[in-house]
Amino acid sequence: MDLAANTRIHAENIWLAQGLPGQSLTYLRLGDRPDPAVNSSFKLGSVAQQITIGLSGLSAAHLHYLRSGQSQYVSVDPRHAILEFKSESYWLLNGEKPEGALFDELAGVYQTKDGFVRIHTNFHHHKEGILHLLKCEGTRESVQAALLHWNAQEFEDQAAARKMCATKARFFNEWDSHPHSIALKNSPPVELIKVGDAPKRDKGLPSHSPLEGIRVLDLTRILAGPVAGRTLAAHGADVLLVTSPNLPALPFLDKDTSRGKRTTQLDLTSDTDRLTLEDLAKETDVFLQAYRPGGLREKGFGVEDLAKMRPGIVYASLSAYGWEGPWKDRRGFDSLVQNATGFGFAEAEAFRSFRGQSDEVTSPKALPCQAIDHAAGYLLAFGIITALCKTITEGGTWEVRVSLAGVAQWIRSLGQLGSESAFNESLALPPCTVPQAEEIAALAVKLKQALPVTATFEEQKHVEMTAIGHAAKLSLTPVREGEAPLVLDAHEARWLPRG
């Protein structure tokens with residue numbers, strides 16, 4: 001069986017597992033050679049094109065069919081898809097590179113007495129917590145010197161006990177015997193659970209976008225959850241991103257992932273703002289959240305609360321490590337999940353083989369993009385849209401679950417490419433430059449800034465964002481690129497009129 005056919009089977013399995021009609025798969029038009037699409041031994045072209053972006057687009061097309069009776073084709077170019085998996089690196093403001101970076105200067109892999117660990121320090125409190133644990137200065141040299149006095153497992157355990165973000169680098173066989181890996185063994189990459197009864201959703205009037213008239217409360221941060229919300233907005237949903245003024249932000253990521261959304265801020269420690277969120281929740285169709293497990297339940301916005309408050313809602317949750325097992329409450333990010341579950345050493349082994357080096361791997365090698373985050377985001381969007389389809393065909397209240405660790409497990413299950421074809425230099429992702437690389441410029445779109453209603457004359461100066469356009473192409477309902485809020489409080493905390 002050739003690579004494209006094998007990958008298509010994986011896409012079909014995810015689609016059919018949700019009870020969706022097999023006939024719809026004939027409308028998914030994909031290339032014959034999804035891999036390699038980037039310099040990696042993992043099948044990231046298949047992950048990006050055929051499965052995650054492809055299925056999220058196909059689910060939107062199916063929802064449009066349920067609402068209008070019109071079928072349409074969905075196509076995705078694999079190289080475009082993999083570049084969209086790194087969209088956070090390719091945006092400009094008024095033709096200039098923005099300030100900031102994907103990772104803090106201390107984040108990364110460090111050697112320990114017996115191996116390697118990776119730390120995540122993008123948030124100030126996480127950085128300070130790691131430095132306090134290591135009792136060292138805030139430089140890479142000082143962190144490295146301190147970690148040479150630690151065992152990798154001991155450091156991972158101590159960091160987790162303090163709610164900091166670090167993982168030990170493992171080989172696949174080490175992860176396979178880990179208690180949490182065993183707990184995840186049969187977890188699907190996306191899970192839909194019916195959590196309550198509700199009448200069938202009214203289809204609404206035919207529209208120009210599959211999700212037109214659908215309201216989404218987006219309470220997510222960083223990459224995976226925000227990518228899901230951005231995808232829903234591209235297919236026509238009114239996505240209201242709600243963040244807290246009390247939590248740290250990452251503007252470099254927020255500006256890219258908030259494209260097409262409206263943004264507002266609410267302080268859930270305030271009774272007034274909590275009631276505002278409750279009013280919004282009573283009129284939303286989708287509640288998308290990525291807070292730590294149990295964090296919103298404590299404030300009255302858990303899945304059980306929303307099922308009672310708004311029967312027929314789709315409640316979508318993203319977690320780092322899933323809902324079962326000893327790590328279910330741990331904080332985590334793509335880079336940490338890669339490191340903990342074996343991807344770093346597996347990629348390093350393949351790269352050394354490509355270079356003809358037979359000695360043992362000395363350090364892990366990261367994937368060329370945050371593939372787990374982006375894949376999780378598109379699978380979450382697929383799950384949400386699929387659940388919306390079910391509210392039309394079956395009725396009910398639905399929960400959608402996606403975890404980074406579960407998605408990592410699924411990506412691994414697709415297998416690896418031969419090292420001789422995996423690391424072709426022509427597949428390397430281009431750097432973010434001004435002017436933009438030719439292939440980036442060819443895929444770029446221009447977005448106007450979404451100005452707050454209270455914007456002053458000075459604030460109304462023209463700001464234009466350049467970003468990677470959406471890779472999913474729908475033949476009847478093209479995606480909406482929308483506007484770019486650029487700030488987290490650009491709009492009032494209220495819904496737009498439906499339709």
# chains A, B, ... in the order shown; residues from 1 in each chain; ligands from 1

$ closest_atom_pairs --of "segment 132-215 of chain A" --to "segment 377-383 of chain A" --cutoff "8 Å" --atoms "only C-alpha atoms" --output "tab-separated table"
residue	atom	partner	partner_atom	distance
A:Pro189	CA	A:Leu379	CA	7.6
A:Val190	CA	A:Leu379	CA	6.4
A:Glu191	CA	A:Gly383	CA	7.3
A:Leu192	CA	A:Gly383	CA	6.9

$ residues_around --residues "Tyr291 of chain A" --least-positions-apart "2" --cutoff "8 Å" --atoms "only C-alpha atoms" --output "MDAnalysis selection string"
chainID A and resid 219:220 289 293:296 318:319

$ residues_around --residues "Leu288 of chain A" --least-positions-apart "4" --cutoff "7 Å" --atoms "only C-alpha atoms" --output "PyMOL selection string"
chain A and resi 217-220+315-317

$ select_by_dssp --residues "segment 282-327 of chain A" --states "alpha helix (DSSP H)" --output "list in words"
Lys282, Val303, Glu304, Asp305, Leu306, Ala307, Lys308 and Met309 of chain A

$ write_last_selection --atoms "N, CA and C atoms" --output "PDB file, in the first residue's frame"
ATOM      1  N   LYS A 282     -25.108  31.292  28.281  1.00  0.00           N
ATOM      2  CA  LYS A 282     -26.493  30.872  28.074  1.00  0.00           C
ATOM      3  C   LYS A 282     -26.940  31.045  26.618  1.00  0.00           C
ATOM      4  N   VAL A 303     -18.311  21.213  32.533  1.00  0.00           N
ATOM      5  CA  VAL A 303     -19.195  20.661  31.514  1.00  0.00           C
ATOM      6  C   VAL A 303     -20.587  20.377  32.073  1.00  0.00           C
ATOM      7  N   GLU A 304     -20.674  19.903  33.316  1.00  0.00           N
ATOM      8  CA  GLU A 304     -21.979  19.625  33.909  1.00  0.00           C
ATOM      9  C   GLU A 304     -22.781  20.911  34.090  1.00  0.00           C
ATOM     10  N   ASP A 305     -22.083  21.982  34.486  1.00  0.00           N
ATOM     11  CA  ASP A 305     -22.753  23.278  34.687  1.00  0.00           C
ATOM     12  C   ASP A 305     -23.317  23.808  33.373  1.00  0.00           C
ATOM     13  N   LEU A 306     -22.497  23.722  32.307  1.00  0.00           N
ATOM     14  CA  LEU A 306     -22.947  24.254  31.020  1.00  0.00           C
ATOM     15  C   LEU A 306     -24.047  23.399  30.408  1.00  0.00           C
ATOM     16  N   ALA A 307     -24.022  22.090  30.673  1.00  0.00           N
ATOM     17  CA  ALA A 307     -25.079  21.217  30.148  1.00  0.00           C
ATOM     18  C   ALA A 307     -26.432  21.596  30.743  1.00  0.00           C
ATOM     19  N   LYS A 308     -26.442  22.018  32.009  1.00  0.00           N
ATOM     20  CA  LYS A 308     -27.682  22.468  32.654  1.00  0.00           C
ATOM     21  C   LYS A 308     -28.050  23.893  32.217  1.00  0.00           C
ATOM     22  N   MET A 309     -27.048  24.718  32.106  1.00  0.00           N
ATOM     23  CA  MET A 309     -27.265  26.126  31.778  1.00  0.00           C
ATOM     24  C   MET A 309     -27.744  26.310  30.341  1.00  0.00           C
TER      25      MET A 309
END

$ select_by_dssp --residues "segment 210-417 of chain A" --states "strand (DSSP E or B)" --output "ChimeraX atom specification"
/A:215-219,238-243,262-265,286-289,314-319,397-403,416

$ atom_distance --atom1 "atom CA of Trp175 of chain A" --atom2 "atom CA of Ala152 of chain A"
14.0 Å

$ residues_around --residues "Pro21 of chain A" --least-positions-apart "4" --cutoff "12 Å" --atoms "only C-alpha atoms" --output "list in words"
Glu12, Asn13, Ile14, Trp15, Leu16, Ala17, Leu25, Thr26, Tyr27, Leu58, Ser59, His62, Leu63, Tyr65, Leu66, Thr386, Cys389, Lys390 and Thr393 of chain A

$ closest_residue --among "A:Pro497, A:Gly100, A:Pro210, A:Gly69" --to "Gly57 of chain A" --atoms "only C-alpha atoms"
A:Pro210

$ residues_around --residues "segment 368-376 of chain A" --least-positions-apart "4" --cutoff "7 Å" --atoms "only C-alpha atoms" --output "CSV table (one decimal) with all heavy atoms, in the first residue's frame"
chain,number,residue,atom,x,y,z
A,40,SER,N,11.5,16.2,8.4
A,40,SER,CA,11.2,15.5,9.6
A,40,SER,C,11.0,14.0,9.3
A,40,SER,O,10.5,13.7,8.2
A,40,SER,CB,10.0,16.0,10.4
A,40,SER,OG,9.6,15.2,11.4
A,47,VAL,N,-0.2,14.4,8.6
A,47,VAL,CA,-0.8,15.0,9.8
A,47,VAL,C,-1.5,16.3,9.5
A,47,VAL,O,-2.7,16.5,9.9
A,47,VAL,CB,0.2,15.1,11.0
A,47,VAL,CG1,-0.4,15.9,12.1
A,47,VAL,CG2,0.7,13.7,11.5
A,48,ALA,N,-0.8,17.2,8.9
A,48,ALA,CA,-1.3,18.5,8.6
A,48,ALA,C,-2.4,18.5,7.5
A,48,ALA,O,-3.5,19.0,7.7
A,48,ALA,CB,-0.2,19.5,8.2
A,52,THR,N,-5.7,16.4,9.7
A,52,THR,CA,-6.2,17.4,10.7
A,52,THR,C,-6.9,18.6,9.9
A,52,THR,O,-8.1,18.9,10.2
A,52,THR,CB,-5.2,17.9,11.6
A,52,THR,OG1,-4.1,18.5,10.9
A,52,THR,CG2,-4.6,16.7,12.4
A,85,PHE,N,1.1,25.1,9.9
A,85,PHE,CA,1.4,24.6,11.2
A,85,PHE,C,2.5,25.4,11.8
A,85,PHE,O,2.9,25.1,13.0
A,85,PHE,CB,1.9,23.1,11.0
A,85,PHE,CG,0.9,22.1,11.3
A,85,PHE,CD1,-0.4,22.3,10.8
A,85,PHE,CD2,1.2,20.9,11.9
A,85,PHE,CE1,-1.4,21.3,11.1
A,85,PHE,CE2,0.2,19.9,12.2
A,85,PHE,CZ,-1.1,20.1,11.8
A,86,LYS,N,3.0,26.4,11.2
A,86,LYS,CA,4.0,27.3,11.8
A,86,LYS,C,3.6,28.8,11.5
A,86,LYS,O,4.5,29.7,11.4
A,86,LYS,CB,5.4,27.0,11.2
A,86,LYS,CG,6.6,27.5,12.1
A,86,LYS,CD,7.9,27.0,11.5
A,86,LYS,CE,9.1,27.5,12.3
A,86,LYS,NZ,9.2,26.9,13.7
A,223,LEU,N,-1.5,27.9,21.9
A,223,LEU,CA,-1.6,27.5,20.5
A,223,LEU,C,-2.8,26.6,20.1
A,223,LEU,O,-3.6,27.0,19.3
A,223,LEU,CB,-0.3,26.8,20.0
A,223,LEU,CG,0.8,27.8,19.4
A,223,LEU,CD1,2.1,27.0,19.1
A,223,LEU,CD2,0.3,28.5,18.2
A,224,ALA,N,-2.8,25.4,20.7
A,224,ALA,CA,-3.8,24.4,20.2
A,224,ALA,C,-5.2,24.9,20.3
A,224,ALA,O,-6.0,24.9,19.3
A,224,ALA,CB,-3.6,23.1,21.0
A,227,VAL,N,-5.9,27.9,18.0
A,227,VAL,CA,-6.0,27.4,16.6
A,227,VAL,C,-7.4,26.9,16.3
A,227,VAL,O,-7.9,27.1,15.2
A,227,VAL,CB,-4.9,26.4,16.3
A,227,VAL,CG1,-5.1,25.7,15.0
A,227,VAL,CG2,-3.5,27.1,16.2
A,334,ASP,N,3.3,21.7,24.0
A,334,ASP,CA,3.8,20.8,22.9
A,334,ASP,C,5.2,20.3,23.1
A,334,ASP,O,5.5,19.2,23.0
A,334,ASP,CB,3.6,21.6,21.6
A,334,ASP,CG,4.1,20.8,20.3
A,334,ASP,OD1,5.2,20.3,20.3
A,334,ASP,OD2,3.3,20.8,19.3
A,380,LEU,N,-9.5,19.4,17.3
A,380,LEU,CA,-10.5,20.0,18.2
A,380,LEU,C,-11.6,20.7,17.4
A,380,LEU,O,-12.8,20.5,17.7
A,380,LEU,CB,-9.8,20.9,19.2
A,380,LEU,CG,-10.6,21.4,20.4
A,380,LEU,CD1,-11.1,20.2,21.3
A,380,LEU,CD2,-9.8,22.3,21.3
A,402,VAL,N,-9.8,16.6,23.5
A,402,VAL,CA,-8.6,16.4,22.8
A,402,VAL,C,-7.4,16.7,23.8
A,402,VAL,O,-7.5,17.7,24.6
A,402,VAL,CB,-8.4,17.3,21.6
A,402,VAL,CG1,-7.0,17.2,21.0
A,402,VAL,CG2,-9.5,17.0,20.5
A,404,LEU,N,-3.0,16.9,24.2
A,404,LEU,CA,-1.7,16.9,23.5
A,404,LEU,C,-1.1,15.5,23.5
A,404,LEU,O,-0.5,15.1,22.5
A,404,LEU,CB,-0.8,17.9,24.1
A,404,LEU,CG,-1.3,19.4,24.1
A,404,LEU,CD1,-0.2,20.3,24.6
A,404,LEU,CD2,-1.7,19.8,22.7
A,407,VAL,N,-2.8,13.2,21.1
A,407,VAL,CA,-2.5,13.5,19.7
A,407,VAL,C,-1.1,13.0,19.4
A,407,VAL,O,-0.8,12.5,18.3
A,407,VAL,CB,-2.7,15.0,19.4
A,407,VAL,CG1,-2.1,15.4,18.1
A,407,VAL,CG2,-4.1,15.4,19.5
A,408,ALA,N,-0.1,13.2,20.3
A,408,ALA,CA,1.2,12.7,20.1
A,408,ALA,C,1.2,11.2,19.9
A,408,ALA,O,1.9,10.7,19.0
A,408,ALA,CB,2.1,13.1,21.3

$ atom_distance --atom1 "atom CA of Ala160 of chain A" --atom2 "atom CA of Ala405 of chain A"
16.2 Å

$ residues_around --residues "segment 464-477 of chain A" --least-positions-apart "4" --cutoff "7 Å" --atoms "only C-alpha atoms" --output "list in words"
Ile53, Gly54, Gly57, Gln72, Tyr73, Val74, Ser75, Val76, Asp77, His80, Ala81, Glu84, Ser87, Tyr90, Trp91, Leu92, Leu93, Asn94, His208, Ser209, Leu443, Ala444, Val445, Lys446, Leu447, Lys448 and Gln449 of chain A

$ write_last_selection --atoms "C-alpha atoms" --output "CSV table (one decimal), in the first residue's frame"
chain,number,residue,atom,x,y,z
A,53,ILE,CA,-6.8,20.4,8.3
A,54,GLY,CA,-8.5,18.1,5.8
A,57,GLY,CA,-12.5,21.4,6.5
A,72,GLN,CA,-18.8,20.7,-2.0
A,73,TYR,CA,-15.2,19.7,-2.4
A,74,VAL,CA,-12.4,20.3,0.1
A,75,SER,CA,-8.8,20.5,-1.0
A,76,VAL,CA,-5.6,21.0,1.0
A,77,ASP,CA,-2.0,21.4,-0.3
A,80,HIS,CA,0.7,25.0,2.5
A,81,ALA,CA,-0.7,22.9,5.4
A,84,GLU,CA,0.2,26.9,8.4
A,87,SER,CA,1.8,30.3,11.2
A,90,TYR,CA,5.3,34.1,9.6
A,91,TRP,CA,3.1,37.2,10.4
A,92,LEU,CA,4.1,40.8,9.9
A,93,LEU,CA,2.6,44.2,11.0
A,94,ASN,CA,2.8,46.9,8.4
A,208,HIS,CA,-22.4,31.7,2.8
A,209,SER,CA,-20.3,30.0,5.5
A,443,LEU,CA,0.4,32.1,0.6
A,444,ALA,CA,0.0,35.3,2.6
A,445,VAL,CA,-3.2,37.3,3.1
A,446,LYS,CA,-3.7,40.9,4.3
A,447,LEU,CA,-5.9,41.6,7.3
A,448,LYS,CA,-7.1,44.9,8.6
A,449,GLN,CA,-7.0,45.6,12.3

$ residues_around --residues "Glu349 of chain A" --least-positions-apart "3" --cutoff "10 Å" --atoms "only C-alpha atoms" --output "VMD selection string"
chain A and resid 41 343 to 346 352 to 354 357 to 365 419

$ atom_distance --atom1 "atom CA of Arg33 of chain A" --atom2 "atom CA of Pro430 of chain A"
20.6 Å

$ decode --residues "segment 277-308 of chain A" --atoms "N, CA, C and O atoms" --output "mmCIF file, in the first residue's frame"
data_model
loop_
_atom_site.group_PDB
_atom_site.id
_atom_site.type_symbol
_atom_site.label_atom_id
_atom_site.label_comp_id
_atom_site.auth_asym_id
_atom_site.auth_seq_id
_atom_site.Cartn_x
_atom_site.Cartn_y
_atom_site.Cartn_z
ATOM 1 N N LEU A 277 -20.099 36.415 31.990
ATOM 2 C CA LEU A 277 -19.739 35.186 31.285
ATOM 3 C C LEU A 277 -20.902 34.197 31.304
ATOM 4 O O LEU A 277 -21.166 33.512 30.307
ATOM 5 N N GLU A 278 -21.616 34.139 32.399
ATOM 6 C CA GLU A 278 -22.768 33.241 32.483
ATOM 7 C C GLU A 278 -23.839 33.647 31.471
ATOM 8 O O GLU A 278 -24.428 32.780 30.801
ATOM 9 N N ASP A 279 -24.077 34.953 31.334
ATOM 10 C CA ASP A 279 -25.059 35.422 30.348
ATOM 11 C C ASP A 279 -24.615 35.062 28.927
ATOM 12 O O ASP A 279 -25.437 34.657 28.095
ATOM 13 N N LEU A 280 -23.327 35.223 28.651
ATOM 14 C CA LEU A 280 -22.805 34.856 27.335
ATOM 15 C C LEU A 280 -22.937 33.354 27.097
ATOM 16 O O LEU A 280 -23.304 32.916 26.000
ATOM 17 N N ALA A 281 -22.650 32.563 28.133
ATOM 18 C CA ALA A 281 -22.704 31.108 28.005
ATOM 19 C C ALA A 281 -24.121 30.611 27.729
ATOM 20 O O ALA A 281 -24.308 29.623 27.013
ATOM 21 N N LYS A 282 -25.108 31.292 28.281
ATOM 22 C CA LYS A 282 -26.493 30.872 28.074
ATOM 23 C C LYS A 282 -26.940 31.045 26.618
ATOM 24 O O LYS A 282 -27.943 30.459 26.207
ATOM 25 N N GLU A 283 -26.208 31.848 25.861
ATOM 26 C CA GLU A 283 -26.592 32.106 24.480
ATOM 27 C C GLU A 283 -25.549 31.616 23.476
ATOM 28 O O GLU A 283 -25.648 31.899 22.290
ATOM 29 N N THR A 284 -24.554 30.870 23.946
ATOM 30 C CA THR A 284 -23.535 30.370 23.024
ATOM 31 C C THR A 284 -23.911 28.989 22.514
ATOM 32 O O THR A 284 -24.746 28.287 23.101
ATOM 33 N N ASP A 285 -23.278 28.581 21.434
ATOM 34 C CA ASP A 285 -23.458 27.237 20.889
ATOM 35 C C ASP A 285 -22.284 26.337 21.243
ATOM 36 O O ASP A 285 -22.433 25.122 21.345
ATOM 37 N N VAL A 286 -21.114 26.957 21.417
ATOM 38 C CA VAL A 286 -19.888 26.214 21.711
ATOM 39 C C VAL A 286 -19.160 26.904 22.852
ATOM 40 O O VAL A 286 -19.011 28.132 22.849
ATOM 41 N N PHE A 287 -18.711 26.109 23.808
ATOM 42 C CA PHE A 287 -17.892 26.612 24.914
ATOM 43 C C PHE A 287 -16.553 25.889 24.800
ATOM 44 O O PHE A 287 -16.458 24.691 25.046
ATOM 45 N N LEU A 288 -15.521 26.613 24.409
ATOM 46 C CA LEU A 288 -14.193 26.047 24.142
ATOM 47 C C LEU A 288 -13.239 26.499 25.238
ATOM 48 O O LEU A 288 -13.053 27.698 25.441
ATOM 49 N N GLN A 289 -12.619 25.546 25.934
ATOM 50 C CA GLN A 289 -11.770 25.941 27.057
ATOM 51 C C GLN A 289 -10.533 25.049 27.156
ATOM 52 O O GLN A 289 -10.555 23.878 26.782
ATOM 53 N N ALA A 290 -9.449 25.647 27.683
ATOM 54 C CA ALA A 290 -8.204 24.903 27.867
ATOM 55 C C ALA A 290 -7.557 25.256 29.200
ATOM 56 O O ALA A 290 -6.338 25.270 29.330
ATOM 57 N N TYR A 291 -8.387 25.558 30.200
ATOM 58 C CA TYR A 291 -7.862 25.820 31.537
ATOM 59 C C TYR A 291 -7.369 24.520 32.153
ATOM 60 O O TYR A 291 -7.689 23.419 31.674
ATOM 61 N N ARG A 292 -6.605 24.631 33.220
ATOM 62 C CA ARG A 292 -6.148 23.417 33.898
ATOM 63 C C ARG A 292 -7.355 22.580 34.285
ATOM 64 O O ARG A 292 -8.442 23.123 34.535
ATOM 65 N N PRO A 293 -7.191 21.250 34.334
ATOM 66 C CA PRO A 293 -8.333 20.388 34.658
ATOM 67 C C PRO A 293 -9.028 20.816 35.953
ATOM 68 O O PRO A 293 -8.394 20.997 36.984
ATOM 69 N N GLY A 294 -10.326 21.022 35.865
ATOM 70 C CA GLY A 294 -11.111 21.407 37.032
ATOM 71 C C GLY A 294 -11.128 22.885 37.322
ATOM 72 O O GLY A 294 -11.896 23.346 38.178
ATOM 73 N N GLY A 295 -10.302 23.672 36.614
ATOM 74 C CA GLY A 295 -10.191 25.093 36.910
ATOM 75 C C GLY A 295 -11.489 25.858 36.715
ATOM 76 O O GLY A 295 -11.867 26.687 37.551
ATOM 77 N N LEU A 296 -12.212 25.593 35.641
ATOM 78 C CA LEU A 296 -13.471 26.295 35.394
ATOM 79 C C LEU A 296 -14.634 25.688 36.169
ATOM 80 O O LEU A 296 -15.606 26.384 36.474
ATOM 81 N N ARG A 297 -14.538 24.415 36.490
ATOM 82 C CA ARG A 297 -15.597 23.800 37.294
ATOM 83 C C ARG A 297 -15.688 24.493 38.657
ATOM 84 O O ARG A 297 -16.775 24.679 39.211
ATOM 85 N N GLU A 298 -14.542 24.895 39.179
ATOM 86 C CA GLU A 298 -14.513 25.584 40.476
ATOM 87 C C GLU A 298 -15.256 26.917 40.413
ATOM 88 O O GLU A 298 -15.705 27.422 41.443
ATOM 89 N N LYS A 299 -15.380 27.476 39.239
ATOM 90 C CA LYS A 299 -16.049 28.773 39.085
ATOM 91 C C LYS A 299 -17.449 28.637 38.501
ATOM 92 O O LYS A 299 -18.086 29.618 38.142
ATOM 93 N N GLY A 300 -17.918 27.381 38.384
ATOM 94 C CA GLY A 300 -19.278 27.152 37.911
ATOM 95 C C GLY A 300 -19.421 27.023 36.413
ATOM 96 O O GLY A 300 -20.528 27.151 35.879
ATOM 97 N N PHE A 301 -18.306 26.740 35.704
ATOM 98 C CA PHE A 301 -18.359 26.631 34.251
ATOM 99 C C PHE A 301 -17.780 25.300 33.760
ATOM 100 O O PHE A 301 -17.168 25.233 32.698
ATOM 101 N N GLY A 302 -17.980 24.247 34.545
ATOM 102 C CA GLY A 302 -17.595 22.920 34.102
ATOM 103 C C GLY A 302 -18.606 22.385 33.101
ATOM 104 O O GLY A 302 -19.655 22.986 32.859
ATOM 105 N N VAL A 303 -18.311 21.213 32.533
ATOM 106 C CA VAL A 303 -19.195 20.661 31.514
ATOM 107 C C VAL A 303 -20.587 20.377 32.073
ATOM 108 O O VAL A 303 -21.604 20.606 31.396
ATOM 109 N N GLU A 304 -20.674 19.903 33.316
ATOM 110 C CA GLU A 304 -21.979 19.625 33.909
ATOM 111 C C GLU A 304 -22.781 20.911 34.090
ATOM 112 O O GLU A 304 -23.998 20.941 33.878
ATOM 113 N N ASP A 305 -22.083 21.982 34.486
ATOM 114 C CA ASP A 305 -22.753 23.278 34.687
ATOM 115 C C ASP A 305 -23.317 23.808 33.373
ATOM 116 O O ASP A 305 -24.462 24.279 33.318
ATOM 117 N N LEU A 306 -22.497 23.722 32.307
ATOM 118 C CA LEU A 306 -22.947 24.254 31.020
ATOM 119 C C LEU A 306 -24.047 23.399 30.408
ATOM 120 O O LEU A 306 -24.941 23.916 29.722
ATOM 121 N N ALA A 307 -24.022 22.090 30.673
ATOM 122 C CA ALA A 307 -25.079 21.217 30.148
ATOM 123 C C ALA A 307 -26.432 21.596 30.743
ATOM 124 O O ALA A 307 -27.462 21.526 30.070
ATOM 125 N N LYS A 308 -26.442 22.018 32.009
ATOM 126 C CA LYS A 308 -27.682 22.468 32.654
ATOM 127 C C LYS A 308 -28.050 23.893 32.217
ATOM 128 O O LYS A 308 -29.218 24.210 32.007
#
